[in-house]
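S.K.: The following file, model_6.cif, comprises mmCIF, C-alpha atoms:
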```
data_work
loop_
_atom_site.label_atom_id
_atom_site.label_comp_id
_atom_site.auth_asym_id
_atom_site.auth_seq_id
_atom_site.Cartn_x
_atom_site.Cartn_y
_atom_site.Cartn_z
CA MET F 1 15.88 299.81 184.51
CA THR F 2 18.11 298.50 181.75
CA ASP F 3 17.43 295.22 180.02
CA ALA F 4 20.47 293.75 181.77
CA GLN F 5 19.17 294.76 185.19
CA ALA F 6 15.71 293.39 184.41
CA LEU F 7 17.23 290.07 183.40
CA ILE F 8 19.45 289.82 186.47
CA GLY F 9 16.42 290.63 188.60
CA THR F 10 14.78 287.35 187.61
CA ILE F 11 17.61 285.25 189.07
CA ASP F 12 17.46 283.16 192.20
CA HIS F 13 21.16 282.64 192.84
CA ALA F 14 21.49 279.05 194.06
CA VAL F 15 24.20 277.93 196.47
CA LEU F 16 23.13 274.36 197.02
CA ALA F 17 26.35 272.40 196.51
CA PRO F 18 26.57 269.68 199.17
CA ASP F 19 30.04 270.84 200.16
CA ALA F 20 29.55 274.61 200.03
CA THR F 21 31.17 276.34 203.01
CA ARG F 22 30.20 279.41 205.02
CA CYS F 23 32.74 281.30 202.91
CA ASP F 24 30.99 280.22 199.68
CA ILE F 25 27.64 281.25 201.14
CA LEU F 26 28.87 284.70 202.19
CA SER F 27 30.57 285.30 198.81
CA ALA F 28 27.29 284.43 197.12
CA CYS F 29 25.47 286.95 199.29
CA SER F 30 27.97 289.68 198.35
CA LEU F 31 27.49 288.92 194.67
CA ALA F 32 23.72 288.89 195.10
CA ARG F 33 23.73 292.29 196.85
CA GLU F 34 25.91 293.77 194.17
CA LEU F 35 23.84 292.47 191.27
CA HIS F 36 20.40 292.87 192.85
CA VAL F 37 19.22 289.41 191.95
CA ALA F 38 15.76 288.31 193.07
CA GLY F 39 17.00 285.98 195.77
CA VAL F 40 19.65 283.67 197.16
CA CYS F 41 18.59 280.05 197.60
CA VAL F 42 20.40 277.96 200.23
CA HIS F 43 19.96 274.88 202.37
CA PRO F 44 18.01 275.25 205.63
CA ARG F 45 21.12 275.30 207.85
CA TRP F 46 22.30 278.52 206.16
CA VAL F 47 19.11 280.57 206.30
CA PRO F 48 20.00 282.67 209.38
CA THR F 49 23.47 283.42 207.94
CA VAL F 50 22.06 284.46 204.57
CA ALA F 51 19.20 286.49 206.04
CA ALA F 52 21.74 288.47 208.08
CA ALA F 53 24.05 288.94 205.10
CA LEU F 54 21.22 290.15 202.86
CA ASP F 55 19.51 292.33 205.45
CA GLY F 56 18.33 295.59 203.90
CA SER F 57 19.48 294.65 200.41
CA GLY F 58 16.08 293.96 198.88
CA VAL F 59 17.38 290.53 197.86
CA ALA F 60 15.18 287.72 199.19
CA THR F 61 16.50 284.87 201.31
CA GLY F 62 15.25 281.58 199.95
CA SER F 63 15.40 278.08 201.37
CA VAL F 64 14.37 274.61 200.35
CA ALA F 65 12.17 271.90 201.90
CA GLY F 66 12.22 268.19 201.24
CA PHE F 67 15.21 268.86 199.03
CA PRO F 68 16.20 267.32 196.70
CA LEU F 69 14.14 264.11 196.67
CA GLY F 70 10.77 265.20 198.02
CA ALA F 71 10.40 261.92 199.89
CA THR F 72 10.41 263.30 203.43
CA THR F 73 7.17 263.50 205.39
CA THR F 74 4.76 266.41 205.08
CA GLU F 75 5.46 267.28 208.71
CA ALA F 76 9.20 267.51 208.03
CA LYS F 77 8.62 269.74 204.99
CA CYS F 78 6.35 271.98 207.06
CA LEU F 79 8.89 272.23 209.85
CA GLU F 80 11.60 273.16 207.36
CA ALA F 81 9.38 275.85 205.86
CA MET F 82 8.33 277.17 209.25
CA GLN F 83 11.91 277.40 210.49
CA ALA F 84 12.99 279.08 207.26
CA PHE F 85 10.28 281.74 207.47
CA GLU F 86 11.01 282.30 211.17
CA SER F 87 14.74 282.65 210.43
CA GLY F 88 14.41 285.33 207.77
CA ALA F 89 13.54 283.49 204.57
CA ALA F 90 10.83 284.99 202.36
CA GLU F 91 10.69 282.14 199.86
CA VAL F 92 10.74 278.35 200.17
CA ASP F 93 11.27 275.98 197.25
CA MET F 94 9.76 272.66 198.28
CA VAL F 95 10.09 269.41 196.37
CA MET F 96 6.91 267.60 195.41
CA ALA F 97 6.59 264.01 196.67
CA VAL F 98 7.72 262.45 193.40
CA THR F 99 7.51 258.88 194.71
CA THR F 100 3.99 259.52 195.93
CA LEU F 101 2.87 260.96 192.59
CA LYS F 102 4.41 258.03 190.74
CA SER F 103 2.52 255.68 193.06
CA GLY F 104 -0.77 257.29 192.05
CA ASP F 105 -1.54 258.82 195.44
CA TYR F 106 -2.56 262.18 194.01
CA ASP F 107 -4.58 263.35 197.01
CA GLU F 108 -1.53 262.84 199.19
CA VAL F 109 0.62 264.86 196.79
CA LEU F 110 -1.90 267.69 196.94
CA LEU F 111 -2.10 267.64 200.74
CA ASP F 112 1.68 267.62 201.02
CA ILE F 113 2.01 270.79 198.94
CA ALA F 114 -1.03 272.51 200.43
CA ALA F 115 0.35 271.99 203.95
CA VAL F 116 3.55 273.88 203.10
CA VAL F 117 1.56 276.63 201.38
CA GLN F 118 -0.46 276.96 204.58
CA VAL F 119 2.75 277.38 206.58
CA ALA F 120 3.65 280.33 204.36
CA ARG F 121 0.20 281.88 204.72
CA ASP F 122 0.34 281.44 208.50
CA SER F 123 3.83 282.91 208.77
CA ASP F 124 4.61 286.46 209.80
CA VAL F 125 6.43 287.07 206.52
CA ASP F 126 4.67 289.53 204.22
CA GLY F 127 4.55 288.09 200.75
CA ALA F 128 6.00 284.71 201.74
CA LEU F 129 6.27 282.60 198.61
CA VAL F 130 6.16 278.85 198.06
CA LYS F 131 7.55 277.36 194.89
CA VAL F 132 7.01 273.69 194.23
CA ILE F 133 9.73 271.78 192.42
CA LEU F 134 8.16 269.08 190.27
CA GLU F 135 11.51 267.45 189.34
CA MET F 136 10.17 266.89 185.84
CA CYS F 137 13.12 264.73 184.73
CA TYR F 138 11.44 261.82 186.54
CA LEU F 139 7.93 262.41 185.17
CA THR F 140 6.11 261.14 182.10
CA PRO F 141 4.30 263.72 179.92
CA ASP F 142 1.00 262.88 181.64
CA GLU F 143 2.58 263.09 185.08
CA LYS F 144 4.13 266.50 184.27
CA ARG F 145 0.72 267.92 183.42
CA LEU F 146 -0.94 266.32 186.42
CA ALA F 147 1.79 267.46 188.82
CA ALA F 148 1.50 271.05 187.63
CA GLU F 149 -2.29 270.98 187.96
CA ILE F 150 -2.04 269.59 191.49
CA ALA F 151 0.50 272.25 192.45
CA VAL F 152 -1.74 275.02 191.14
CA GLN F 153 -4.70 273.53 192.98
CA ALA F 154 -2.63 273.45 196.17
CA GLY F 155 -2.17 277.21 195.91
CA VAL F 156 1.55 277.56 195.20
CA ASP F 157 3.07 280.84 194.04
CA PHE F 158 5.45 279.24 191.54
CA VAL F 159 5.81 275.94 189.76
CA LYS F 160 9.44 275.03 189.21
CA THR F 161 10.96 272.52 186.83
CA SER F 162 13.91 270.95 188.64
CA THR F 163 16.19 270.72 191.64
CA GLY F 164 19.33 270.87 189.53
CA LEU F 165 20.46 267.57 191.08
CA GLY F 166 18.45 265.16 188.92
CA PRO F 167 19.48 263.53 185.64
CA HIS F 168 18.59 266.72 183.79
CA GLY F 169 17.39 270.22 184.54
CA ALA F 170 14.96 272.62 182.91
CA THR F 171 13.94 272.21 179.28
CA VAL F 172 12.23 274.81 177.10
CA GLU F 173 9.38 272.36 176.50
CA ASP F 174 8.79 271.82 180.21
CA VAL F 175 8.81 275.55 180.91
CA ALA F 176 6.28 276.14 178.13
CA LEU F 177 4.07 273.38 179.52
CA LEU F 178 4.14 274.90 183.01
CA ARG F 179 3.37 278.35 181.60
CA GLU F 180 0.42 276.89 179.73
CA ILE F 181 -1.00 275.21 182.83
CA ALA F 182 -0.25 277.85 185.46
CA PRO F 183 -2.85 280.61 185.62
CA ASP F 184 -1.96 284.31 185.78
CA GLY F 185 -0.50 285.05 189.17
CA VAL F 186 1.36 281.76 189.39
CA GLY F 187 4.97 282.11 188.27
CA VAL F 188 7.16 279.60 186.49
CA LYS F 189 10.71 279.01 187.69
CA ALA F 190 13.20 277.31 185.40
CA ALA F 191 16.17 275.74 187.16
CA GLY F 192 18.84 273.16 186.59
CA GLY F 193 21.55 273.34 183.95
CA ILE F 194 21.08 277.05 183.12
CA ARG F 195 24.65 278.27 182.79
CA SER F 196 24.58 280.91 180.06
CA LEU F 197 22.68 284.02 179.01
CA GLU F 198 21.48 282.22 175.90
CA GLN F 199 19.94 279.41 177.97
CA MET F 200 18.42 281.93 180.33
CA ARG F 201 16.83 283.93 177.52
CA ALA F 202 15.39 280.73 176.02
CA MET F 203 13.74 279.90 179.37
CA LEU F 204 12.33 283.42 179.74
CA ASP F 205 11.06 283.34 176.15
CA ALA F 206 9.32 280.04 176.92
CA GLY F 207 7.46 281.64 179.80
CA ALA F 208 9.71 281.48 182.86
CA SER F 209 9.45 284.40 185.26
CA ARG F 210 12.23 283.28 187.61
CA ILE F 211 15.54 281.58 186.82
CA GLY F 212 17.41 279.38 189.28
CA THR F 213 21.12 279.22 188.54
CA SER F 214 24.49 279.07 190.24
CA SER F 215 26.12 280.62 187.15
CA THR F 216 25.04 284.13 188.02
CA ALA F 217 28.53 285.64 187.71
CA THR F 218 28.98 284.12 184.25
CA ILE F 219 25.62 285.43 183.07
CA ALA F 220 26.32 288.89 184.51
CA ALA F 221 29.63 288.95 182.64
CA GLU F 222 27.83 288.04 179.41
CA LEU F 223 25.53 290.99 180.06
CA GLY F 224 28.57 293.21 180.35
CA ILE F 225 28.21 293.74 184.08
CA ASP F 226 31.51 293.79 185.96
CA VAL F 227 31.48 291.93 189.24
CA MET T 1 24.01 229.30 209.26
CA THR T 2 25.71 228.97 205.90
CA ASP T 3 28.30 231.43 204.72
CA ALA T 4 25.81 232.69 202.14
CA GLN T 5 23.18 233.38 204.79
CA ALA T 6 25.69 235.12 207.02
CA LEU T 7 26.70 237.38 204.14
CA ILE T 8 23.13 238.20 203.15
CA GLY T 9 22.39 238.98 206.79
CA THR T 10 24.77 241.95 206.67
CA ILE T 11 22.77 243.71 203.94
CA ASP T 12 20.62 246.78 204.35
CA HIS T 13 18.59 246.58 201.16
CA ALA T 14 18.25 250.18 199.96
CA VAL T 15 15.24 251.41 197.99
CA LEU T 16 16.09 255.08 197.77
CA ALA T 17 15.60 255.87 194.08
CA PRO T 18 13.86 259.24 193.78
CA ASP T 19 11.19 257.74 191.53
CA ALA T 20 10.61 254.42 193.32
CA THR T 21 6.92 253.59 193.54
CA ARG T 22 4.86 251.81 196.20
CA CYS T 23 5.12 248.73 193.99
CA ASP T 24 8.94 248.92 194.02
CA ILE T 25 8.89 249.34 197.79
CA LEU T 26 6.63 246.34 198.35
CA SER T 27 8.67 244.16 195.98
CA ALA T 28 11.77 245.09 197.93
CA CYS T 29 10.08 244.06 201.16
CA SER T 30 9.15 240.67 199.68
CA LEU T 31 12.73 240.11 198.59
CA ALA T 32 14.00 241.20 202.00
CA ARG T 33 11.68 238.80 203.83
CA GLU T 34 12.68 235.93 201.58
CA LEU T 35 16.42 236.54 201.92
CA HIS T 36 16.46 237.57 205.60
CA VAL T 37 18.59 240.65 205.03
CA ALA T 38 19.37 242.88 208.01
CA GLY T 39 17.06 245.68 206.98
CA VAL T 40 15.26 247.62 204.28
CA CYS T 41 16.20 251.28 204.02
CA VAL T 42 13.64 253.69 202.55
CA HIS T 43 12.71 257.35 202.51
CA PRO T 44 10.64 258.69 205.42
CA ARG T 45 7.36 258.73 203.48
CA TRP T 46 7.54 254.94 203.09
CA VAL T 47 8.31 253.90 206.66
CA PRO T 48 4.75 252.93 207.69
CA THR T 49 4.32 250.90 204.49
CA VAL T 50 7.59 249.06 204.98
CA ALA T 51 7.07 248.48 208.70
CA ALA T 52 3.72 246.84 207.89
CA ALA T 53 5.18 244.76 205.07
CA LEU T 54 8.09 243.53 207.22
CA ASP T 55 6.05 242.93 210.38
CA GLY T 56 7.12 239.70 212.09
CA SER T 57 9.88 239.00 209.56
CA GLY T 58 12.85 239.88 211.75
CA VAL T 59 14.00 242.27 209.02
CA ALA T 60 14.48 245.80 210.34
CA THR T 61 12.74 248.81 208.84
CA GLY T 62 15.26 251.56 208.26
CA SER T 63 14.80 255.19 207.31
CA VAL T 64 16.97 258.21 206.58
CA ALA T 65 17.22 261.73 208.01
CA GLY T 66 18.66 264.81 206.37
CA PHE T 67 19.13 262.67 203.30
CA PRO T 68 21.08 262.95 201.09
CA LEU T 69 22.78 266.32 201.67
CA GLY T 70 22.81 266.64 205.46
CA ALA T 71 22.14 270.37 205.19
CA THR T 72 18.74 270.44 206.88
CA THR T 73 18.41 271.74 210.42
CA THR T 74 19.02 269.60 213.47
CA GLU T 75 15.35 269.99 214.40
CA ALA T 76 14.28 268.64 211.02
CA LYS T 77 16.62 265.66 211.32
CA CYS T 78 15.29 264.95 214.81
CA LEU T 79 11.68 265.15 213.63
CA GLU T 80 12.45 262.75 210.80
CA ALA T 81 14.08 260.30 213.21
CA MET T 82 11.28 260.63 215.74
CA GLN T 83 8.58 260.03 213.14
CA ALA T 84 10.51 257.06 211.75
CA PHE T 85 10.88 255.39 215.14
CA GLU T 86 7.21 256.08 215.95
CA SER T 87 6.15 254.59 212.61
CA GLY T 88 7.95 251.29 212.98
CA ALA T 89 11.56 251.97 212.01
CA ALA T 90 14.28 250.47 214.16
CA GLU T 91 17.19 252.14 212.40
CA VAL T 92 17.82 255.63 211.06
CA ASP T 93 20.67 256.56 208.74
CA MET T 94 21.25 260.29 209.18
CA VAL T 95 23.53 262.42 207.04
CA MET T 96 26.20 264.47 208.81
CA ALA T 97 26.08 268.23 208.19
CA VAL T 98 28.80 268.15 205.54
CA THR T 99 28.62 271.88 204.83
CA THR T 100 28.95 272.61 208.53
CA LEU T 101 32.00 270.35 208.91
CA LYS T 102 33.63 271.92 205.89
CA SER T 103 33.01 275.34 207.44
CA GLY T 104 34.92 274.31 210.54
CA ASP T 105 31.94 274.38 212.91
CA TYR T 106 32.83 271.09 214.55
CA ASP T 107 30.83 271.62 217.73
CA GLU T 108 27.74 272.16 215.64
CA VAL T 109 28.40 268.94 213.71
CA LEU T 110 28.68 267.06 217.00
CA LEU T 111 25.49 268.55 218.42
CA ASP T 112 23.60 267.77 215.23
CA ILE T 113 24.51 264.08 215.42
CA ALA T 114 24.12 263.81 219.19
CA ALA T 115 20.59 265.23 218.98
CA VAL T 116 19.50 262.46 216.61
CA VAL T 117 21.18 259.83 218.79
CA GLN T 118 19.21 261.20 221.74
CA VAL T 119 15.98 260.80 219.77
CA ALA T 120 16.80 257.12 219.33
CA ARG T 121 17.63 256.68 223.01
CA ASP T 122 14.39 258.44 224.01
CA SER T 123 12.28 256.37 221.61
CA ASP T 124 10.19 253.38 222.59
CA VAL T 125 12.09 251.18 220.14
CA ASP T 126 14.27 248.54 221.80
CA GLY T 127 17.68 248.59 220.21
CA ALA T 128 16.99 251.64 218.05
CA LEU T 129 20.09 252.32 215.98
CA VAL T 130 21.52 255.51 214.50
CA LYS T 131 24.02 255.35 211.67
CA VAL T 132 25.71 258.53 210.58
CA ILE T 133 26.55 258.92 206.91
CA LEU T 134 29.74 260.94 206.55
CA GLU T 135 29.47 261.25 202.74
CA MET T 136 33.22 260.79 202.51
CA CYS T 137 33.42 261.63 198.80
CA TYR T 138 33.28 265.30 199.78
CA LEU T 139 35.86 265.09 202.58
CA THR T 140 39.62 265.54 202.68
CA PRO T 141 41.68 262.86 204.46
CA ASP T 142 41.83 265.04 207.59
CA GLU T 143 38.11 265.73 207.45
CA LYS T 144 37.33 262.02 207.09
CA ARG T 145 39.19 261.24 210.28
CA LEU T 146 37.71 264.18 212.15
CA ALA T 147 34.16 263.39 211.00
CA ALA T 148 34.47 259.79 212.18
CA GLU T 149 35.85 260.89 215.54
CA ILE T 150 33.03 263.38 216.00
CA ALA T 151 30.44 260.74 215.10
CA VAL T 152 31.88 258.30 217.63
CA GLN T 153 31.94 261.02 220.28
CA ALA T 154 28.28 261.78 219.51
CA GLY T 155 27.40 258.19 220.41
CA VAL T 156 26.33 256.73 217.07
CA ASP T 157 25.87 252.99 216.57
CA PHE T 158 27.38 252.92 213.09
CA VAL T 159 29.57 255.15 210.97
CA LYS T 160 28.68 254.90 207.28
CA THR T 161 30.68 255.91 204.26
CA SER T 162 28.19 257.28 201.72
CA THR T 163 24.65 258.04 200.67
CA GLY T 164 25.08 256.37 197.29
CA LEU T 165 24.02 259.61 195.59
CA GLY T 166 27.34 261.49 195.74
CA PRO T 167 30.13 261.50 193.15
CA HIS T 168 31.36 258.17 194.47
CA GLY T 169 30.40 255.57 197.04
CA ALA T 170 32.30 253.41 199.50
CA THR T 171 35.99 252.69 199.03
CA VAL T 172 38.00 249.97 200.74
CA GLU T 173 40.35 252.63 202.11
CA ASP T 174 37.51 254.62 203.67
CA VAL T 175 36.01 251.52 205.25
CA ALA T 176 39.38 250.58 206.73
CA LEU T 177 39.80 254.10 208.11
CA LEU T 178 36.39 254.00 209.77
CA ARG T 179 37.11 250.56 211.24
CA GLU T 180 40.38 251.89 212.64
CA ILE T 181 38.72 254.88 214.29
CA ALA T 182 35.48 253.30 215.49
CA PRO T 183 35.80 251.50 218.82
CA ASP T 184 34.38 248.03 219.45
CA GLY T 185 30.63 248.27 219.59
CA VAL T 186 30.42 250.87 216.83
CA GLY T 187 29.74 249.27 213.47
CA VAL T 188 30.93 250.34 210.05
CA LYS T 189 28.47 250.45 207.17
CA ALA T 190 29.78 250.54 203.61
CA ALA T 191 27.33 251.89 201.04
CA GLY T 192 27.29 253.35 197.58
CA GLY T 193 28.33 251.57 194.41
CA ILE T 194 28.38 248.05 195.92
CA ARG T 195 26.81 245.98 193.15
CA SER T 196 28.57 242.61 193.29
CA LEU T 197 29.56 239.89 195.71
CA GLU T 198 33.23 240.66 195.05
CA GLN T 199 32.78 244.30 196.05
CA MET T 200 30.78 243.28 199.09
CA ARG T 201 33.45 240.82 200.26
CA ALA T 202 36.12 243.50 199.83
CA MET T 203 34.16 245.86 202.08
CA LEU T 204 33.59 243.17 204.72
CA ASP T 205 37.28 242.24 204.60
CA ALA T 206 38.17 245.90 205.15
CA GLY T 207 36.08 245.98 208.31
CA ALA T 208 32.49 246.71 207.31
CA SER T 209 29.83 245.04 209.43
CA ARG T 210 26.86 246.23 207.39
CA ILE T 211 26.50 246.67 203.63
CA GLY T 212 24.08 249.09 202.02
CA THR T 213 23.14 248.08 198.49
CA SER T 214 20.24 248.03 196.08
CA SER T 215 21.83 245.12 194.21
CA THR T 216 20.70 242.55 196.74
CA ALA T 217 19.09 240.25 194.16
CA THR T 218 22.25 240.22 192.05
CA ILE T 219 24.43 239.42 195.04
CA ALA T 220 22.05 236.68 196.20
CA ALA T 221 22.19 235.14 192.73
CA GLU T 222 26.00 235.20 192.87
CA LEU T 223 25.73 233.34 196.17
CA GLY T 224 23.62 230.70 194.43
CA ILE T 225 20.41 231.70 196.18
CA ASP T 226 17.33 231.57 193.95
CA VAL T 227 14.96 234.46 194.40
#
```
Represent the structure of the file as structure tokens.

M.R.:
Amino acid sequence: MTDAQALIGTIDHAVLAPDATRCDILSACSLARELHVAGVCVHPRWVPTVAAALDGSGVATGSVAGFPLGATTTEAKCLEAMQAFESGAAEVDMVMAVTTLKSGDYDEVLLDIAAVVQVARDSDVDGALVKVILEMCYLTPDEKRLAAEIAVQAGVDFVKTSTGLGPHGATVEDVALLREIAPDGVGVKAAGGIRSLEQMRAMLDAGASRIGTSSTATIAAELGIDV
Amino acid sequence: MTDAQALIGTIDHAVLAPDATRCDILSACSLARELHVAGVCVHPRWVPTVAAALDGSGVATGSVAGFPLGATTTEAKCLEAMQAFESGAAEVDMVMAVTTLKSGDYDEVLLDIAAVVQVARDSDVDGALVKVILEMCYLTPDEKRLAAEIAVQAGVDFVKTSTGLGPHGATVEDVALLREIAPDGVGVKAAGGIRSLEQMRAMLDAGASRIGTSSTATIAAELGIDV
């Protein structure tokens, strides 16, 4: 595997624009198949479409839960995850209950994440993954550390910096912090505002193992891959 | 009732900031009780808290479903509405499936809204209301008209311009369009970017019957009401 292929293989190609159409979604799936990215991340309504379009490609279908604010109920997040796994998704990026964390209800934050992790473990999907988005742009330094520790305790597969819809996305410092806190076996996903190869390399150097971006075509071009 | 009271009584006081805390939510409820606004609109996780804080006040507890992108499944939106009504909400502001409309799947948009309306009708809440947020900032003029017609056909109680989290909020033109399309008995809610009495009056003059704002204290002060 070339360096370029290894880099592209860390990308979750995100198609989360509020006004994305079926055509946008299908184009993204074509690009994802061609480039062999890690996954395509879409809103719940598009999971069956994406799972069909990616069938047999080795590219994972990913969905979101409680996205992008994390302020839905635990039951709603679980239903979203359950439906996603039943409809062909292998990975769900859930948003932590930011408002609950900021209110000091840490046990509730833990239970919220753990419930979605349990949905993945109970699903029929081999290797179903749950990533928890901490939306670190809203958190103080102490809250960032605490949120990551809670997520790890809840049993997530990845801790993720950002939704991409907040005031800012991933920072190198936040990625390094997550890498420091997450034990071996728990990945770090950097997302939000990553639009170039240089930014992507900085995130990987800081400890990210997965990159969420909608600028996949741009990054592939920078790597000299024609798409 | 004074003119000031009548105006304040059209307000749904929104507390939808992604990082709002329990303290912010409870302060909002105190303000809402004091001013006798129409309702307080919060994220699903806060509905029980708000329903308890507003108990006996005559101020409605409101929640959201599929907020703010509208791209969750119909089942998830229905669960959110059901839980809200069971937890003390009287009103649910759901977001239309914008991506689905923009993909031309109009029947699916209709079914998505109608399902949430049915949840309200099946609930034990007398006078349960469903407002559908069209998030008009993403729609073409033709789509705006079509979306409003579909919402009316689906049986909603209110058509609403915006979530307040999109590129722009309510415009006078959009409110007038909704008022033109909505029959008697279907209200129009203007929301997003309404931060002054002048803006609020412009929306009411254009045909809005409900105003969503988080600037309630500012507007009350402009009306000469001490809070």

S.K.: Provide the CA of Thr73 (chain F) to CA of Leu146 (chain F) distance in Å, to one decimal place.

M.R.: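 Between CA of Thr73 (chain F) and CA of Leu146 (chain F) the gap works out to 20.8 Å.
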
S.K.: Could you work out how far CA of Gly88 (chain T) lies from CA of Pro18 (chain T), giving the answer in Å with one decimal?

M.R.: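 Atom-to-atom, CA of Pro18 (chain T) to CA of Gly88 (chain T), that is 21.6 Å.
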
S.K.: The PyMOL selection byres ((chain F and resi 200-202) around 10) - which residues does that actually catch in the file I just gave you? List them as a list in words.

M.R.: Leu7, Thr10, Ile11, Thr171, Val172, Val175, Ala190, Ala191, Gly193, Ile194, Arg195, Ser196, Leu197, Glu198, Gln199, Met203, Leu204, Asp205, Ala206, Gly207, Ala208, Arg210, Ile211, Gly212, Thr213 and Ile219 of chain F

S.K.: Would you mind listing, for every residue of chain T within 8 Å of chain F, the two atoms forming the shortest contact and the distance between them in Å to one decimal, using all atoms listed in the file, sorted by chain and ascending residue number, as JSON lines?

M.R.:
```
{"residue": "T:Pro18", "atom": "CA", "partner": "F:Leu69", "partner_atom": "CA", "distance": 5.7}
{"residue": "T:Asp19", "atom": "CA", "partner": "F:Thr99", "partner_atom": "CA", "distance": 5.0}
{"residue": "T:Ala20", "atom": "CA", "partner": "F:Thr99", "partner_atom": "CA", "distance": 5.6}
{"residue": "T:Thr21", "atom": "CA", "partner": "F:Ser103", "partner_atom": "CA", "distance": 4.9}
{"residue": "T:Arg22", "atom": "CA", "partner": "F:Ser103", "partner_atom": "CA", "distance": 5.5}
{"residue": "T:Cys23", "atom": "CA", "partner": "F:Ser103", "partner_atom": "CA", "distance": 7.5}
{"residue": "T:His43", "atom": "CA", "partner": "F:Ala71", "partner_atom": "CA", "distance": 5.8}
{"residue": "T:Pro44", "atom": "CA", "partner": "F:Thr72", "partner_atom": "CA", "distance": 5.0}
{"residue": "T:Arg45", "atom": "CA", "partner": "F:Thr73", "partner_atom": "CA", "distance": 5.1}
{"residue": "T:Pro68", "atom": "CA", "partner": "F:Pro68", "partner_atom": "CA", "distance": 7.9}
{"residue": "T:Leu69", "atom": "CA", "partner": "F:Pro18", "partner_atom": "CA", "distance": 5.6}
{"residue": "T:Gly70", "atom": "CA", "partner": "F:Pro18", "partner_atom": "CA", "distance": 7.9}
{"residue": "T:Ala71", "atom": "CA", "partner": "F:Arg45", "partner_atom": "CA", "distance": 5.7}
{"residue": "T:Thr72", "atom": "CA", "partner": "F:Pro44", "partner_atom": "CA", "distance": 5.0}
{"residue": "T:Thr73", "atom": "CA", "partner": "F:Arg45", "partner_atom": "CA", "distance": 5.2}
{"residue": "T:Ala76", "atom": "CA", "partner": "F:Ala76", "partner_atom": "CA", "distance": 6.0}
{"residue": "T:Leu79", "atom": "CA", "partner": "F:Ala76", "partner_atom": "CA", "distance": 6.6}
{"residue": "T:Glu80", "atom": "CA", "partner": "F:Ala76", "partner_atom": "CA", "distance": 6.4}
{"residue": "T:Val98", "atom": "CA", "partner": "F:Asp19", "partner_atom": "CA", "distance": 6.1}
{"residue": "T:Thr99", "atom": "CA", "partner": "F:Asp19", "partner_atom": "CA", "distance": 5.0}
{"residue": "T:Thr100", "atom": "CA", "partner": "F:Thr21", "partner_atom": "CA", "distance": 7.0}
{"residue": "T:Lys102", "atom": "CA", "partner": "F:Thr21", "partner_atom": "CA", "distance": 5.8}
{"residue": "T:Ser103", "atom": "CA", "partner": "F:Thr21", "partner_atom": "CA", "distance": 4.9}
{"residue": "T:Tyr138", "atom": "CA", "partner": "F:Asp19", "partner_atom": "CA", "distance": 6.4}
```

S.K.: Interatomic distance between CA of Leu178 (chain T) and CA of Val125 (chain T)?

M.R.: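 These two atoms are separated by 26.6 Å.
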